[in-house]
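Have a look at query-v7.pdb below; it lists PDB, C-alpha atoms.
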ATOM      1  CA  MET A 664       0.000   0.000   0.000
ATOM      2  CA  LYS A 665       1.535   3.259  -1.150
ATOM      3  CA  GLY A 666       0.210   6.403   0.476
ATOM      4  CA  GLY A 667      -3.346   5.060   0.279
ATOM      5  CA  ILE A 668      -5.944   4.379   2.869
ATOM      6  CA  LEU A 669      -6.365   0.820   4.092
ATOM      7  CA  LYS A 670      -9.790  -0.319   2.930
ATOM      8  CA  VAL A 671     -11.714  -2.038   5.702
ATOM      9  CA  PRO A 672     -13.660  -5.011   4.335
ATOM     10  CA  GLU A 673     -17.397  -5.023   4.879
ATOM     11  CA  VAL A 674     -20.345  -7.239   4.152
ATOM     12  CA  LYS A 675     -22.235  -6.025   1.095
ATOM     13  CA  VAL A 676     -25.987  -6.344   0.721
ATOM     14  CA  LYS A 677     -27.288  -7.959  -2.460
ATOM     15  CA  GLU A 678     -28.143  -5.221  -4.927
ATOM     16  CA  GLY A 679     -31.758  -4.105  -4.754
ATOM     17  CA  GLU A 680     -32.432  -5.689  -1.356
ATOM     18  CA  GLU A 681     -33.053  -4.283   2.085
ATOM     19  CA  LEU A 682     -32.056  -6.818   4.721
ATOM     20  CA  ASN A 683     -34.544  -8.358   7.116
ATOM     21  CA  GLY A 684     -33.942  -7.990  10.890
ATOM     22  CA  LEU A 685     -31.762 -11.097  11.115
ATOM     23  CA  GLY A 686     -29.602  -9.925   8.225
ATOM     24  CA  THR A 687     -29.262  -6.427   9.672
ATOM     25  CA  MET A 688     -28.130  -7.819  13.049
ATOM     26  CA  LEU A 689     -25.609 -10.200  11.466
ATOM     27  CA  LYS A 690     -24.235  -7.550   9.089
ATOM     28  CA  GLU A 691     -23.552  -5.190  11.994
ATOM     29  CA  ILE A 692     -21.696  -7.912  13.934
ATOM     30  CA  MET A 693     -19.721  -9.087  10.892
ATOM     31  CA  ASP A 694     -18.757  -5.547   9.834
ATOM     32  CA  THR A 695     -17.424  -4.927  13.356
ATOM     33  CA  ASN A 696     -15.455  -8.188  13.346
ATOM     34  CA  LEU A 697     -14.033  -7.662   9.852
ATOM     35  CA  LYS A 698     -12.151  -4.615  11.155
ATOM     36  CA  ASP A 699      -9.919  -7.101  12.993
ATOM     37  CA  PRO A 700      -7.297  -8.310  10.457
ATOM     38  CA  LYS A 701      -7.043 -11.736  12.159
ATOM     39  CA  LYS A 702     -10.777 -12.325  11.861
ATOM     40  CA  TYR A 703     -10.829 -11.124   8.247
ATOM     41  CA  LYS A 704      -7.944 -13.462   7.449
ATOM     42  CA  SER A 705     -10.053 -16.423   8.646
ATOM     43  CA  VAL A 706     -12.542 -15.835   5.794
ATOM     44  CA  GLU A 707     -10.332 -14.076   3.248
ATOM     45  CA  LYS A 708      -9.797 -17.116   1.006
ATOM     46  CA  VAL A 709     -13.105 -18.874   1.676
ATOM     47  CA  LYS A 710     -15.631 -19.648  -1.056
ATOM     48  CA  GLY A 711     -19.144 -20.865  -0.380
ATOM     49  CA  SER A 712     -22.562 -19.951   0.922
ATOM     50  CA  VAL A 713     -24.154 -20.321   4.333
ATOM     51  CA  VAL A 714     -27.849 -20.106   5.121
ATOM     52  CA  ILE A 715     -28.612 -18.796   8.602
ATOM     53  CA  LYS A 716     -32.209 -19.394   9.671
ATOM     54  CA  GLU A 717     -34.198 -18.346  12.724
ATOM     55  CA  SER A 718     -36.314 -21.437  13.340
ATOM     56  CA  THR A 719     -39.305 -19.903  15.131
ATOM     57  CA  SER A 720     -40.280 -17.408  12.429
ATOM     58  CA  GLY A 721     -38.578 -19.071   9.468
ATOM     59  CA  VAL A 722     -36.698 -15.849   8.652
ATOM     60  CA  ALA A 723     -33.447 -16.627   6.850
ATOM     61  CA  VAL A 724     -30.471 -14.959   5.208
ATOM     62  CA  THR A 725     -27.743 -16.311   2.980
ATOM     63  CA  LEU A 726     -24.112 -15.257   3.397
ATOM     64  CA  ASN A 727     -22.134 -15.645   0.177
ATOM     65  CA  LEU A 728     -18.339 -15.736   0.528
ATOM     66  CA  ASN A 729     -16.024 -15.391  -2.436
ATOM     67  CA  GLN A 730     -12.359 -14.948  -1.488
ATOM     68  CA  GLY A 731     -12.693 -11.912   0.732
ATOM     69  CA  LYS A 732     -15.933 -10.596  -0.742
ATOM     70  CA  LEU A 733     -18.910 -11.154   1.519
ATOM     71  CA  GLU A 734     -22.526 -10.543   0.549
ATOM     72  CA  LEU A 735     -25.729 -11.003   2.536
ATOM     73  CA  GLN A 736     -29.114 -11.565   0.960
ATOM     74  CA  ASN A 737     -32.576 -12.254   2.318
ATOM     75  CA  ASP A 738     -33.978 -15.776   2.336
ATOM     76  CA  ALA A 739     -32.334 -19.154   1.925
ATOM     77  CA  ILE A 740     -30.812 -20.290  -1.349
ATOM     78  CA  ALA A 741     -31.627 -23.800  -2.592
ATOM     79  CA  LYS A 742     -28.185 -25.432  -2.255
ATOM     80  CA  PRO A 743     -25.912 -23.710   0.264
ATOM     81  CA  THR A 744     -22.458 -25.041   1.124
ATOM     82  CA  ALA A 745     -23.561 -25.095   4.784
ATOM     83  CA  TYR A 746     -26.473 -24.052   6.945
ATOM     84  CA  MET A 747     -27.283 -23.280  10.549
ATOM     85  CA  GLU A 748     -30.636 -22.917  12.248
ATOM     86  CA  ALA A 749     -31.592 -21.902  15.774
ATOM     87  CA  GLY A 750     -34.275 -20.050  17.684
ATOM     88  CA  PHE A 751     -33.907 -16.290  18.077
ATOM     89  CA  GLU A 752     -32.710 -16.458  21.686
ATOM     90  CA  ASN A 753     -30.006 -19.019  20.859
ATOM     91  CA  LEU A 754     -28.880 -17.063  17.769
ATOM     92  CA  ALA A 755     -28.645 -13.939  19.934
ATOM     93  CA  HIS A 756     -26.641 -15.809  22.610
ATOM     94  CA  ILE A 757     -24.294 -17.261  19.987
ATOM     95  CA  SER A 758     -23.692 -13.954  18.211
ATOM     96  CA  SER A 759     -23.159 -12.101  21.504
ATOM     97  CA  GLY A 760     -20.570 -14.645  22.633
ATOM     98  CA  GLN A 761     -22.660 -15.936  25.558
ATOM     99  CA  LEU A 762     -23.000 -19.364  23.919
ATOM    100  CA  SER A 763     -20.253 -21.091  21.965
ATOM    101  CA  PRO A 764     -21.408 -22.243  18.501
ATOM    102  CA  ILE A 765     -19.796 -25.637  19.164
ATOM    103  CA  VAL A 766     -21.554 -26.057  22.520
ATOM    104  CA  ALA A 767     -24.809 -24.959  20.837
ATOM    105  CA  MET A 768     -24.405 -27.710  18.214
ATOM    106  CA  LEU A 769     -23.515 -30.355  20.805
ATOM    107  CA  THR A 770     -26.550 -29.464  22.940
ATOM    108  CA  SER A 771     -28.915 -29.308  19.927
ATOM    109  CA  LYS A 772     -29.554 -25.587  20.382
ATOM    110  CA  LEU A 773     -28.122 -25.054  16.885
ATOM    111  CA  LYS A 774     -28.885 -27.323  13.954
ATOM    112  CA  SER A 775     -26.272 -27.340  11.237
ATOM    113  CA  GLY A 776     -25.347 -29.181   8.100
ATOM    114  CA  GLY A 777     -23.102 -29.089   5.090
ATOM    115  CA  ASN A 778     -19.452 -28.136   5.352
ATOM    116  CA  PRO A 779     -18.499 -27.971   9.074
ATOM    117  CA  LEU A 780     -15.150 -26.302   8.297
ATOM    118  CA  LEU A 781     -16.955 -23.409   6.611
ATOM    119  CA  LEU A 782     -19.211 -22.993   9.644
ATOM    120  CA  LEU A 783     -16.180 -22.963  11.928
ATOM    121  CA  LYS A 784     -14.465 -20.303   9.808
ATOM    122  CA  ILE A 785     -17.456 -17.979   9.653
ATOM    123  CA  SER A 786     -18.079 -18.333  13.390
ATOM    124  CA  LYS A 787     -15.009 -16.099  13.858
ATOM    125  CA  ILE A 788     -16.822 -13.185  12.196
ATOM    126  CA  MET A 789     -20.329 -13.923  13.489
ATOM    127  CA  VAL A 790     -19.576 -13.783  17.213
ATOM    128  CA  LEU A 791     -18.838 -10.530  19.048
ATOM    129  CA  LYS A 792     -15.725 -11.132  21.137
TER     130      LYS A 792
END

Translate this file's structure into structure tokens.
Amino acid sequence: MKGGILKVPEVKVKEGEELNGLGTMLKEIMDTNLKDPKKYKSVEKVKGSVVIKESTSGVAVTLNLNQGKLELQNDAIAKPTAYMEAGFENLAHISSGQLSPIVAMLTSKLKSGGNPLLLLKISKIMVLK
């Protein structure tokens, strides 16, 4: 970088969409975490998609990752690389750091599927710590 300003990565919103409440909450947390170079590095080279669903209401968002570019969109896509689903309270506890994502999976408070490595990597930017 020569005399420029370091660009802080952020989660983009799919063009033409306004995020639902779940997406807005997650975007705020992820944007905060992406300011930490170590956390950004954990997802910098990752490719894939993750559906995050709030099980009570059925509200969902999809996080698309493409080598450092992150984009959130409303609703679940048909074939994500991975998915996670939990009730609102458990999602809030996980994202606030009160409940470990791994403990949540082991105690059935978080349902997940697909690529577990991808879920582990994105947990670094989805939890406020």

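Minimum atom-to-atom distances from A:Gln736, A:Glu707, A:Lys675, A:Ile785 to Ala723 of chain A were compared using all atoms listed in the file, and the lowest value belongs to A:Gln736.
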
Centre, edges in Å (one decimal): axis-aligned box, segment 710-714 of chain A, 4 Å padding on all six sides, as JSON:
{"center_x": -21.7, "center_y": -20.3, "center_z": 2.0, "size_x": 20.2, "size_y": 9.2, "size_z": 14.2}

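Going from atom CA of Val722 of chain A over to atom CA of Ile788 of chain A, you cover 20.4 Å.
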
Report task. Starting from the displayed file, determine the output of the PyMOL selection byres ((chain A and resi 711) around 12) and express the residue list as a PyMOL selection string. Result -> chain A and resi 706-710+712-714+725-734+740+742-746+777-782+784-785

Requested in this report: Extract, using all atoms listed in the file, all DNA, RNA and protein residues at most 9 Å from Met693 of chain A, discarding same-chain residues fewer than 5 positions from it, and format them as JSON, numbers by chain.
Outcome: {"A": [673, 674, 688, 698, 787, 788, 789, 790, 791]}

Report task. Specify as an MDAnalysis selection string each residue included when the PyMOL selection byres ((chain A and resi 747) around 6) is applied to this file. Result -> chainID A and resid 715 746 748 774:775
